[in-house]
file protein-v9.csv (CSV, C-alpha atoms and all ligand atoms)
chain,number,residue,atom,x,y,z
A,1,MET,CA,-146.6,-14.9,46.7
A,2,LYS,CA,-148.6,-16.5,49.5
A,3,ILE,CA,-152.4,-17.0,49.6
A,4,LEU,CA,-154.4,-18.0,52.6
A,5,VAL,CA,-157.7,-19.9,52.3
A,6,ILE,CA,-160.0,-19.7,55.3
A,7,HIS,CA,-162.9,-22.0,55.8
A,8,GLY,CA,-165.4,-20.9,58.4
A,9,PRO,CA,-167.8,-22.9,60.7
A,10,ASN,CA,-169.3,-26.2,59.6
A,11,LEU,CA,-167.3,-26.3,56.4
A,12,ASN,CA,-165.2,-29.1,57.9
A,13,VAL,CA,-168.3,-31.3,57.5
A,14,LEU,CA,-168.9,-30.5,53.9
A,15,GLY,CA,-169.8,-33.6,52.0
A,16,LYS,CA,-171.9,-34.8,54.8
A,17,ARG,CA,-173.7,-31.6,55.5
A,18,GLU,CA,-177.0,-30.6,53.7
A,19,GLN,CA,-175.9,-32.3,50.5
A,20,GLU,CA,-178.9,-30.9,48.6
A,21,VAL,CA,-177.5,-27.4,49.2
A,22,TYR,CA,-173.7,-27.9,49.3
A,23,GLY,CA,-173.2,-31.1,47.3
A,24,SER,CA,-171.0,-34.0,48.1
A,25,VAL,CA,-167.5,-32.5,47.8
A,26,THR,CA,-165.5,-32.4,51.0
A,27,MET,CA,-163.3,-29.5,52.3
A,28,GLU,CA,-160.3,-31.7,51.8
A,29,GLU,CA,-161.2,-32.2,48.1
A,30,ILE,CA,-161.7,-28.4,47.7
A,31,ASN,CA,-158.2,-27.9,49.2
A,32,SER,CA,-156.7,-30.4,46.9
A,33,VAL,CA,-158.2,-28.7,43.8
A,34,LEU,CA,-156.9,-25.4,45.1
A,35,LYS,CA,-153.5,-26.8,45.7
A,36,ASN,CA,-153.2,-27.9,42.1
A,37,GLU,CA,-154.5,-24.6,40.9
A,38,ALA,CA,-152.0,-22.7,43.1
A,39,ARG,CA,-149.2,-24.8,41.7
A,40,GLY,CA,-150.3,-23.9,38.1
A,41,LEU,CA,-150.4,-20.2,39.1
A,42,GLY,CA,-147.1,-20.4,40.8
A,43,VAL,CA,-148.3,-19.3,44.2
A,44,GLU,CA,-147.9,-20.7,47.7
A,45,ILE,CA,-151.1,-21.7,49.4
A,46,GLU,CA,-152.1,-22.3,53.1
A,47,PHE,CA,-155.4,-23.6,54.4
A,48,PHE,CA,-157.1,-22.9,57.7
A,49,GLN,CA,-160.5,-24.0,59.0
A,50,SER,CA,-162.1,-23.0,62.3
A,51,ASN,CA,-165.5,-23.1,63.9
A,52,SER,CA,-164.6,-20.3,66.1
A,53,GLU,CA,-164.9,-16.6,65.3
A,54,GLY,CA,-161.9,-15.5,67.5
A,55,GLU,CA,-159.6,-18.0,65.9
A,56,ILE,CA,-160.5,-16.7,62.4
A,57,VAL,CA,-159.9,-13.1,63.6
A,58,THR,CA,-156.5,-14.1,65.0
A,59,LYS,CA,-155.6,-15.9,61.8
A,60,ILE,CA,-156.4,-12.8,59.7
A,61,GLN,CA,-154.3,-10.7,62.0
A,62,GLU,CA,-151.4,-13.1,61.7
A,63,ALA,CA,-151.7,-13.0,57.9
A,64,MET,CA,-150.6,-9.4,58.0
A,65,GLU,CA,-147.1,-10.9,58.2
A,66,GLY,CA,-146.4,-12.6,54.9
A,67,VAL,CA,-149.8,-13.3,53.2
A,68,GLU,CA,-150.6,-11.3,50.1
A,69,GLY,CA,-154.2,-12.4,49.5
A,70,ILE,CA,-157.0,-14.2,51.3
A,71,VAL,CA,-159.9,-16.4,49.9
A,72,ILE,CA,-162.5,-16.8,52.7
A,73,ASN,CA,-165.8,-18.6,53.1
A,74,PRO,CA,-166.9,-17.1,56.4
A,75,ALA,CA,-169.9,-19.4,56.3
A,76,ALA,CA,-172.5,-18.4,58.9
A,77,TYR,CA,-170.2,-15.7,60.3
A,78,THR,CA,-170.8,-13.9,56.9
A,79,HIS,CA,-174.1,-12.7,58.2
A,80,THR,CA,-173.2,-11.9,61.8
A,81,SER,CA,-169.5,-11.1,62.4
A,82,ILE,CA,-168.5,-7.5,62.8
A,83,ALA,CA,-165.2,-8.9,64.3
A,84,ILE,CA,-164.2,-10.8,61.1
A,85,ARG,CA,-165.2,-7.8,59.0
A,86,ASP,CA,-163.1,-5.5,61.1
A,87,ALA,CA,-160.1,-7.9,60.9
A,88,VAL,CA,-160.3,-8.0,57.1
A,89,ALA,CA,-160.5,-4.2,57.0
A,90,ALA,CA,-157.6,-3.8,59.5
A,91,ALA,CA,-155.4,-6.3,57.7
A,92,GLY,CA,-155.8,-4.5,54.4
A,93,ILE,CA,-155.1,-7.8,52.6
A,94,PRO,CA,-157.0,-8.2,49.3
A,95,THR,CA,-159.7,-10.7,50.2
A,96,VAL,CA,-162.2,-12.6,48.1
A,97,GLU,CA,-165.4,-13.9,49.7
A,98,VAL,CA,-166.7,-17.2,48.5
A,99,HIS,CA,-170.0,-19.0,49.0
A,100,ILE,CA,-170.8,-22.5,47.7
A,101,SER,CA,-174.5,-21.8,47.5
A,102,ASN,CA,-176.2,-18.7,46.0
A,103,VAL,CA,-177.0,-17.0,49.3
A,104,PHE,CA,-179.4,-14.6,47.6
A,105,LYS,CA,-181.7,-17.5,46.6
A,106,ARG,CA,-181.9,-18.6,50.1
A,107,GLU,CA,-183.4,-17.4,53.4
A,108,GLU,CA,-183.5,-13.6,53.8
A,109,PHE,CA,-181.0,-13.7,56.8
A,110,ARG,CA,-178.4,-14.9,54.3
A,111,HIS,CA,-178.9,-12.0,51.9
A,112,LYS,CA,-176.8,-9.6,54.1
A,113,SER,CA,-173.0,-10.0,54.3
A,114,LEU,CA,-171.0,-8.0,56.7
A,115,ILE,CA,-167.8,-9.0,54.9
A,116,SER,CA,-168.7,-8.0,51.3
A,117,PRO,CA,-168.2,-4.2,51.8
A,118,VAL,CA,-164.6,-4.8,52.8
A,119,ALA,CA,-163.9,-7.6,50.2
A,120,LEU,CA,-162.2,-7.2,46.9
A,121,GLY,CA,-165.0,-9.3,45.3
A,122,VAL,CA,-167.6,-12.0,46.1
A,123,ILE,CA,-168.5,-15.2,44.4
A,124,SER,CA,-171.7,-17.0,45.4
A,125,GLY,CA,-173.5,-20.0,44.0
A,126,LEU,CA,-170.9,-21.7,41.7
A,127,GLY,CA,-170.0,-24.5,44.1
A,128,VAL,CA,-166.4,-25.6,44.2
A,129,ASP,CA,-165.6,-23.8,41.0
A,130,GLY,CA,-166.2,-20.6,43.0
A,131,TYR,CA,-163.1,-21.2,45.0
A,132,VAL,CA,-161.0,-21.8,41.9
A,133,LEU,CA,-162.3,-18.6,40.2
A,134,ALA,CA,-161.7,-16.7,43.5
A,135,LEU,CA,-158.1,-17.9,43.5
A,136,ARG,CA,-157.5,-17.0,39.9
A,137,GLY,CA,-159.2,-13.6,40.2
A,138,LEU,CA,-157.2,-12.8,43.4
A,139,VAL,CA,-153.8,-13.8,41.9
A,140,GLY,CA,-154.7,-11.8,38.7
A,141,HIS,CA,-155.5,-8.8,40.9
A,142,LEU,CA,-152.3,-9.1,42.9
A,143,ASN,CA,-150.2,-9.5,39.8
A,144,LYS,CA,-151.6,-6.3,38.4
A,145,ASN,CA,-151.4,-4.5,41.8
A,146,PRO,CA,-148.3,-5.6,43.5
A,147,ARG,CA,-147.8,-4.6,47.1
A,148,PRO,CA,-145.5,-1.5,47.4
B,1,LIG,C1,-172.2,-20.6,52.9
B,1,LIG,C2,-173.5,-19.9,53.1
B,1,LIG,C3,-173.8,-19.5,54.5
B,1,LIG,O1,-175.1,-18.8,54.6
B,1,LIG,C4,-173.9,-20.7,55.4
B,1,LIG,O2,-174.1,-20.3,56.7
B,1,LIG,C5,-172.7,-21.6,55.2
B,1,LIG,C6,-172.1,-21.8,53.9
B,1,LIG,C7,-171.9,-21.1,51.5
B,1,LIG,O3,-170.8,-21.5,51.3
B,1,LIG,O4,-172.9,-21.2,50.7
B,1,LIG,O5,-172.3,-22.2,56.2
B,1,LIG,O6,-171.2,-19.7,53.2
call {"tool": "encode", "arguments": {"input": "protein-v9.csv", "output": "structure tokens", "more": "lines below"}}
Ligand code: DQA
result
Amino acid sequence: MKILVIHGPNLNVLGKREQEVYGSVTMEEINSVLKNEARGLGVEIEFFQSNSEGEIVTKIQEAMEGVEGIVINPAAYTHTSIAIRDAVAAAGIPTVEVHISNVFKREEFRHKSLISPVALGVISGLGVDGYVLALRGLVGHLNKNPRP
């Protein structure tokens, strides 16, 4: 079983970026934690980061060939991207949305996610642990609901 992890814009500078909001952990460190977790769960994992909406849409389309589940932090595109939402809906791949910060505690423009209505589930505010929980939850779901 293959899982794709997508990091949206500005997550490549995690660790340097607004540490009071996002902490000091880097994207590479998150990927390394997820790689270990994936090994324990017995699943294959691939990582992708882009600052570009179109590249994320293309990656989701390509995932229709061979990827069983997606963990995505769409970052700022969460609140603006109909294109990413449509790609998730079109792909029909169970997708868990993750946010490091609790977006509901923050500015009002972050309270609305265009992705959540097409996601399997959403985790927000648990930092790096959120990614691990998302991966476990997603794999649990896929094990219970194998693709026909
Ligand atoms: C974020 C929250 C978004 O509102 C923001 O634009 C991000 C990161 C998070 O992980 O908390 O870039 O998705």
call {"tool": "closest_residue", "arguments": {"input": "protein-v9.csv", "among": "A:Gly137, A:Gly8, A:Gly23, A:Pro94", "to": "ligand LIG 1 (chain B)", "atoms": "all atoms listed in the file"}}
result
A:Gly8
call {"tool": "residues_near_ligand", "arguments": {"input": "protein-v9.csv", "ligand": "ligand LIG 1 (chain B)", "cutoff": "8 Å", "atoms": "all atoms listed in the file", "output": "VMD selection string"}}
result
chain A and resid 8 to 11 21 to 22 73 to 79 98 to 103 110 124 to 125 127
call {"tool": "atom_distance", "arguments": {"input": "protein-v9.csv", "atom1": "CA of Arg85 (chain A)", "atom2": "CA of Asn36 (chain A)"}}
result
28.9 Å
call {"tool": "atom_distance", "arguments": {"input": "protein-v9.csv", "atom1": "CA of Phe48 (chain A)", "atom2": "CA of Ile6 (chain A)"}}
result
4.9 Å
call {"tool": "closest_residue", "arguments": {"input": "protein-v9.csv", "among": "A:Glu97, A:Ile82, A:Val67, A:Gly92", "to": "Leu114 (chain A)", "atoms": "all atoms listed in the file"}}
result
A:Ile82
call {"tool": "residues_near_point", "arguments": {"input": "protein-v9.csv", "point": "(-171.0, -31.8, 46.9)", "cutoff": "12 Å", "atoms": "only C-alpha atoms", "output": "PyMOL selection string"}}
result
chain A and resi 11+13-30+100-101+126-129
call {"tool": "atom_distance", "arguments": {"input": "protein-v9.csv", "atom1": "CA of Ile45 (chain A)", "atom2": "CA of Thr80 (chain A)"}}
result
27.2 Å
call {"tool": "residues_around", "arguments": {"input": "protein-v9.csv", "residues": "Thr58 (chain A)", "least_positions_apart": "5", "cutoff": "9 Å", "atoms": "all atoms listed in the file", "output": "PyMOL selection string"}}
result
chain A and resi 53+63+87
call {"tool": "residues_around", "arguments": {"input": "protein-v9.csv", "residues": "Val88 (chain A)", "least_positions_apart": "4", "cutoff": "12 Å", "atoms": "only C-alpha atoms", "output": "ChimeraX atom specification"}}
result
/A:6,56-64,69-72,74,81-84,92-97,114-120
call {"tool": "closest_residue", "arguments": {"input": "protein-v9.csv", "among": "A:Val122, A:Ala89, A:Ala38, A:Ile3", "to": "Ala134 (chain A)", "atoms": "only C-alpha atoms"}}
result
A:Val122
call {"tool": "closest_residue", "arguments": {"input": "protein-v9.csv", "among": "A:Arg147, A:His7, A:Arg106, A:Lys2", "to": "Val43 (chain A)", "atoms": "all atoms listed in the file"}}
result
A:Lys2
call {"tool": "residues_around", "arguments": {"input": "protein-v9.csv", "residues": "Glu37 (chain A)", "least_positions_apart": "5", "cutoff": "10 Å", "atoms": "all atoms listed in the file", "output": "mmCIF file with C-alpha atoms, keeping the file's coordinate frame"}}
result
data_model
loop_
_atom_site.group_PDB
_atom_site.id
_atom_site.type_symbol
_atom_site.label_atom_id
_atom_site.label_comp_id
_atom_site.auth_asym_id
_atom_site.auth_seq_id
_atom_site.Cartn_x
_atom_site.Cartn_y
_atom_site.Cartn_z
ATOM 1 C CA ASN A 31 -158.200 -27.900 49.200
ATOM 2 C CA SER A 32 -156.700 -30.400 46.900
ATOM 3 C CA GLY A 42 -147.100 -20.400 40.800
ATOM 4 C CA VAL A 43 -148.300 -19.300 44.200
ATOM 5 C CA ILE A 45 -151.100 -21.700 49.400
ATOM 6 C CA VAL A 132 -161.000 -21.800 41.900
ATOM 7 C CA LEU A 133 -162.300 -18.600 40.200
ATOM 8 C CA LEU A 135 -158.100 -17.900 43.500
ATOM 9 C CA ARG A 136 -157.500 -17.000 39.900
#
call {"tool": "closest_residue", "arguments": {"input": "protein-v9.csv", "among": "A:Ser113, A:Asp86, A:Glu68, A:Gly54", "to": "Val139 (chain A)", "atoms": "all atoms listed in the file"}}
result
A:Glu68
call {"tool": "decode", "arguments": {"input": "protein-v9.csv", "residues": "region 58-88 of chain A", "atoms": "N, CA, C and O atoms", "output": "PDB file, in the first residue's frame"}}
result
ATOM      1  N   THR A  58      -1.432  18.588 -10.249  1.00  0.00           N
ATOM      2  CA  THR A  58      -0.892  17.544 -11.132  1.00  0.00           C
ATOM      3  C   THR A  58      -0.463  16.320 -10.327  1.00  0.00           C
ATOM      4  O   THR A  58      -0.720  15.180 -10.726  1.00  0.00           O
ATOM      5  N   LYS A  59       0.176  16.563  -9.176  1.00  0.00           N
ATOM      6  CA  LYS A  59       0.630  15.439  -8.332  1.00  0.00           C
ATOM      7  C   LYS A  59      -0.568  14.603  -7.861  1.00  0.00           C
ATOM      8  O   LYS A  59      -0.505  13.367  -7.846  1.00  0.00           O
ATOM      9  N   ILE A  60      -1.659  15.258  -7.488  1.00  0.00           N
ATOM     10  CA  ILE A  60      -2.853  14.528  -7.028  1.00  0.00           C
ATOM     11  C   ILE A  60      -3.441  13.715  -8.197  1.00  0.00           C
ATOM     12  O   ILE A  60      -3.829  12.560  -8.032  1.00  0.00           O
ATOM     13  N   GLN A  61      -3.455  14.321  -9.384  1.00  0.00           N
ATOM     14  CA  GLN A  61      -3.957  13.586 -10.563  1.00  0.00           C
ATOM     15  C   GLN A  61      -3.101  12.344 -10.827  1.00  0.00           C
ATOM     16  O   GLN A  61      -3.617  11.258 -11.086  1.00  0.00           O
ATOM     17  N   GLU A  62      -1.777  12.524 -10.745  1.00  0.00           N
ATOM     18  CA  GLU A  62      -0.864  11.399 -11.001  1.00  0.00           C
ATOM     19  C   GLU A  62      -1.035  10.291  -9.954  1.00  0.00           C
ATOM     20  O   GLU A  62      -0.798   9.121 -10.240  1.00  0.00           O
ATOM     21  N   ALA A  63      -1.444  10.700  -8.742  1.00  0.00           N
ATOM     22  CA  ALA A  63      -1.598   9.729  -7.651  1.00  0.00           C
ATOM     23  C   ALA A  63      -2.711   8.718  -7.946  1.00  0.00           C
ATOM     24  O   ALA A  63      -2.769   7.646  -7.329  1.00  0.00           O
ATOM     25  N   MET A  64      -3.596   9.050  -8.883  1.00  0.00           N
ATOM     26  CA  MET A  64      -4.689   8.128  -9.219  1.00  0.00           C
ATOM     27  C   MET A  64      -4.137   6.799  -9.708  1.00  0.00           C
ATOM     28  O   MET A  64      -4.816   5.779  -9.665  1.00  0.00           O
ATOM     29  N   GLU A  65      -2.884   6.820 -10.177  1.00  0.00           N
ATOM     30  CA  GLU A  65      -2.193   5.609 -10.607  1.00  0.00           C
ATOM     31  C   GLU A  65      -1.314   5.137  -9.445  1.00  0.00           C
ATOM     32  O   GLU A  65      -0.223   5.690  -9.257  1.00  0.00           O
ATOM     33  N   GLY A  66      -1.793   4.253  -8.605  1.00  0.00           N
ATOM     34  CA  GLY A  66      -0.887   3.593  -7.658  1.00  0.00           C
ATOM     35  C   GLY A  66      -0.839   4.089  -6.223  1.00  0.00           C
ATOM     36  O   GLY A  66      -0.207   3.462  -5.390  1.00  0.00           O
ATOM     37  N   VAL A  67      -1.484   5.224  -5.931  1.00  0.00           N
ATOM     38  CA  VAL A  67      -1.469   5.712  -4.536  1.00  0.00           C
ATOM     39  C   VAL A  67      -2.817   5.408  -3.891  1.00  0.00           C
ATOM     40  O   VAL A  67      -3.870   5.699  -4.456  1.00  0.00           O
ATOM     41  N   GLU A  68      -2.766   4.842  -2.671  1.00  0.00           N
ATOM     42  CA  GLU A  68      -4.029   4.455  -2.017  1.00  0.00           C
ATOM     43  C   GLU A  68      -4.575   5.504  -1.055  1.00  0.00           C
ATOM     44  O   GLU A  68      -5.769   5.556  -0.784  1.00  0.00           O
ATOM     45  N   GLY A  69      -3.651   6.320  -0.503  1.00  0.00           N
ATOM     46  CA  GLY A  69      -4.106   7.334   0.459  1.00  0.00           C
ATOM     47  C   GLY A  69      -3.196   8.545   0.426  1.00  0.00           C
ATOM     48  O   GLY A  69      -2.011   8.432   0.088  1.00  0.00           O
ATOM     49  N   ILE A  70      -3.764   9.710   0.759  1.00  0.00           N
ATOM     50  CA  ILE A  70      -2.988  10.955   0.753  1.00  0.00           C
ATOM     51  C   ILE A  70      -3.108  11.642   2.107  1.00  0.00           C
ATOM     52  O   ILE A  70      -4.202  11.740   2.671  1.00  0.00           O
ATOM     53  N   VAL A  71      -1.958  12.109   2.618  1.00  0.00           N
ATOM     54  CA  VAL A  71      -1.929  13.032   3.758  1.00  0.00           C
ATOM     55  C   VAL A  71      -1.490  14.363   3.177  1.00  0.00           C
ATOM     56  O   VAL A  71      -0.445  14.436   2.522  1.00  0.00           O
ATOM     57  N   ILE A  72      -2.294  15.399   3.364  1.00  0.00           N
ATOM     58  CA  ILE A  72      -1.950  16.693   2.766  1.00  0.00           C
ATOM     59  C   ILE A  72      -2.059  17.833   3.768  1.00  0.00           C
ATOM     60  O   ILE A  72      -3.030  17.912   4.523  1.00  0.00           O
ATOM     61  N   ASN A  73      -1.014  18.662   3.804  1.00  0.00           N
ATOM     62  CA  ASN A  73      -1.132  19.966   4.447  1.00  0.00           C
ATOM     63  C   ASN A  73      -1.122  20.979   3.304  1.00  0.00           C
ATOM     64  O   ASN A  73      -0.065  21.316   2.789  1.00  0.00           O
ATOM     65  N   PRO A  74      -2.297  21.445   2.907  1.00  0.00           N
ATOM     66  CA  PRO A  74      -2.352  22.354   1.756  1.00  0.00           C
ATOM     67  C   PRO A  74      -1.880  23.769   2.100  1.00  0.00           C
ATOM     68  O   PRO A  74      -1.850  24.636   1.231  1.00  0.00           O
ATOM     69  N   ALA A  75      -1.538  23.992   3.384  1.00  0.00           N
ATOM     70  CA  ALA A  75      -1.041  25.290   3.857  1.00  0.00           C
ATOM     71  C   ALA A  75      -2.004  26.407   3.414  1.00  0.00           C
ATOM     72  O   ALA A  75      -3.219  26.231   3.521  1.00  0.00           O
ATOM     73  N   ALA A  76      -1.484  27.503   2.878  1.00  0.00           N
ATOM     74  CA  ALA A  76      -2.369  28.642   2.557  1.00  0.00           C
ATOM     75  C   ALA A  76      -3.421  28.288   1.505  1.00  0.00           C
ATOM     76  O   ALA A  76      -4.511  28.874   1.490  1.00  0.00           O
ATOM     77  N   TYR A  77      -3.123  27.301   0.642  1.00  0.00           N
ATOM     78  CA  TYR A  77      -4.101  26.907  -0.382  1.00  0.00           C
ATOM     79  C   TYR A  77      -5.363  26.279   0.219  1.00  0.00           C
ATOM     80  O   TYR A  77      -6.383  26.181  -0.450  1.00  0.00           O
ATOM     81  N   THR A  78      -5.255  25.849   1.480  1.00  0.00           N
ATOM     82  CA  THR A  78      -6.429  25.330   2.192  1.00  0.00           C
ATOM     83  C   THR A  78      -7.609  26.282   2.066  1.00  0.00           C
ATOM     84  O   THR A  78      -8.754  25.865   1.884  1.00  0.00           O
ATOM     85  N   HIS A  79      -7.276  27.566   2.185  1.00  0.00           N
ATOM     86  CA  HIS A  79      -8.317  28.586   2.332  1.00  0.00           C
ATOM     87  C   HIS A  79      -8.730  29.214   1.006  1.00  0.00           C
ATOM     88  O   HIS A  79      -9.628  30.047   0.975  1.00  0.00           O
ATOM     89  N   THR A  80      -8.038  28.848  -0.079  1.00  0.00           N
ATOM     90  CA  THR A  80      -8.284  29.537  -1.359  1.00  0.00           C
ATOM     91  C   THR A  80      -8.482  28.613  -2.561  1.00  0.00           C
ATOM     92  O   THR A  80      -9.030  29.055  -3.564  1.00  0.00           O
ATOM     93  N   SER A  81      -8.011  27.360  -2.484  1.00  0.00           N
ATOM     94  CA  SER A  81      -7.854  26.604  -3.736  1.00  0.00           C
ATOM     95  C   SER A  81      -9.018  25.683  -4.091  1.00  0.00           C
ATOM     96  O   SER A  81      -9.123  24.539  -3.614  1.00  0.00           O
ATOM     97  N   ILE A  82      -9.842  26.160  -4.995  1.00  0.00           N
ATOM     98  CA  ILE A  82     -10.903  25.302  -5.549  1.00  0.00           C
ATOM     99  C   ILE A  82     -10.252  24.217  -6.404  1.00  0.00           C
ATOM    100  O   ILE A  82     -10.730  23.080  -6.469  1.00  0.00           O
ATOM    101  N   ALA A  83      -9.114  24.557  -7.036  1.00  0.00           N
ATOM    102  CA  ALA A  83      -8.435  23.596  -7.923  1.00  0.00           C
ATOM    103  C   ALA A  83      -7.934  22.373  -7.147  1.00  0.00           C
ATOM    104  O   ALA A  83      -8.079  21.233  -7.615  1.00  0.00           O
ATOM    105  N   ILE A  84      -7.344  22.598  -5.966  1.00  0.00           N
ATOM    106  CA  ILE A  84      -6.856  21.453  -5.169  1.00  0.00           C
ATOM    107  C   ILE A  84      -8.053  20.662  -4.628  1.00  0.00           C
ATOM    108  O   ILE A  84      -8.063  19.431  -4.640  1.00  0.00           O
ATOM    109  N   ARG A  85      -9.080  21.354  -4.197  1.00  0.00           N
ATOM    110  CA  ARG A  85     -10.285  20.657  -3.730  1.00  0.00           C
ATOM    111  C   ARG A  85     -10.856  19.769  -4.841  1.00  0.00           C
ATOM    112  O   ARG A  85     -11.170  18.601  -4.622  1.00  0.00           O
ATOM    113  N   ASP A  86     -10.963  20.330  -6.051  1.00  0.00           N
ATOM    114  CA  ASP A  86     -11.516  19.560  -7.172  1.00  0.00           C
ATOM    115  C   ASP A  86     -10.631  18.365  -7.516  1.00  0.00           C
ATOM    116  O   ASP A  86     -11.134  17.299  -7.875  1.00  0.00           O
ATOM    117  N   ALA A  87      -9.312  18.544  -7.393  1.00  0.00           N
ATOM    118  CA  ALA A  87      -8.387  17.434  -7.682  1.00  0.00           C
ATOM    119  C   ALA A  87      -8.579  16.312  -6.662  1.00  0.00           C
ATOM    120  O   ALA A  87      -8.610  15.130  -7.036  1.00  0.00           O
ATOM    121  N   VAL A  88      -8.724  16.666  -5.401  1.00  0.00           N
ATOM    122  CA  VAL A  88      -8.942  15.645  -4.353  1.00  0.00           C
ATOM    123  C   VAL A  88     -10.260  14.919  -4.629  1.00  0.00           C
ATOM    124  O   VAL A  88     -10.331  13.681  -4.575  1.00  0.00           O
TER     125      VAL A  88
END
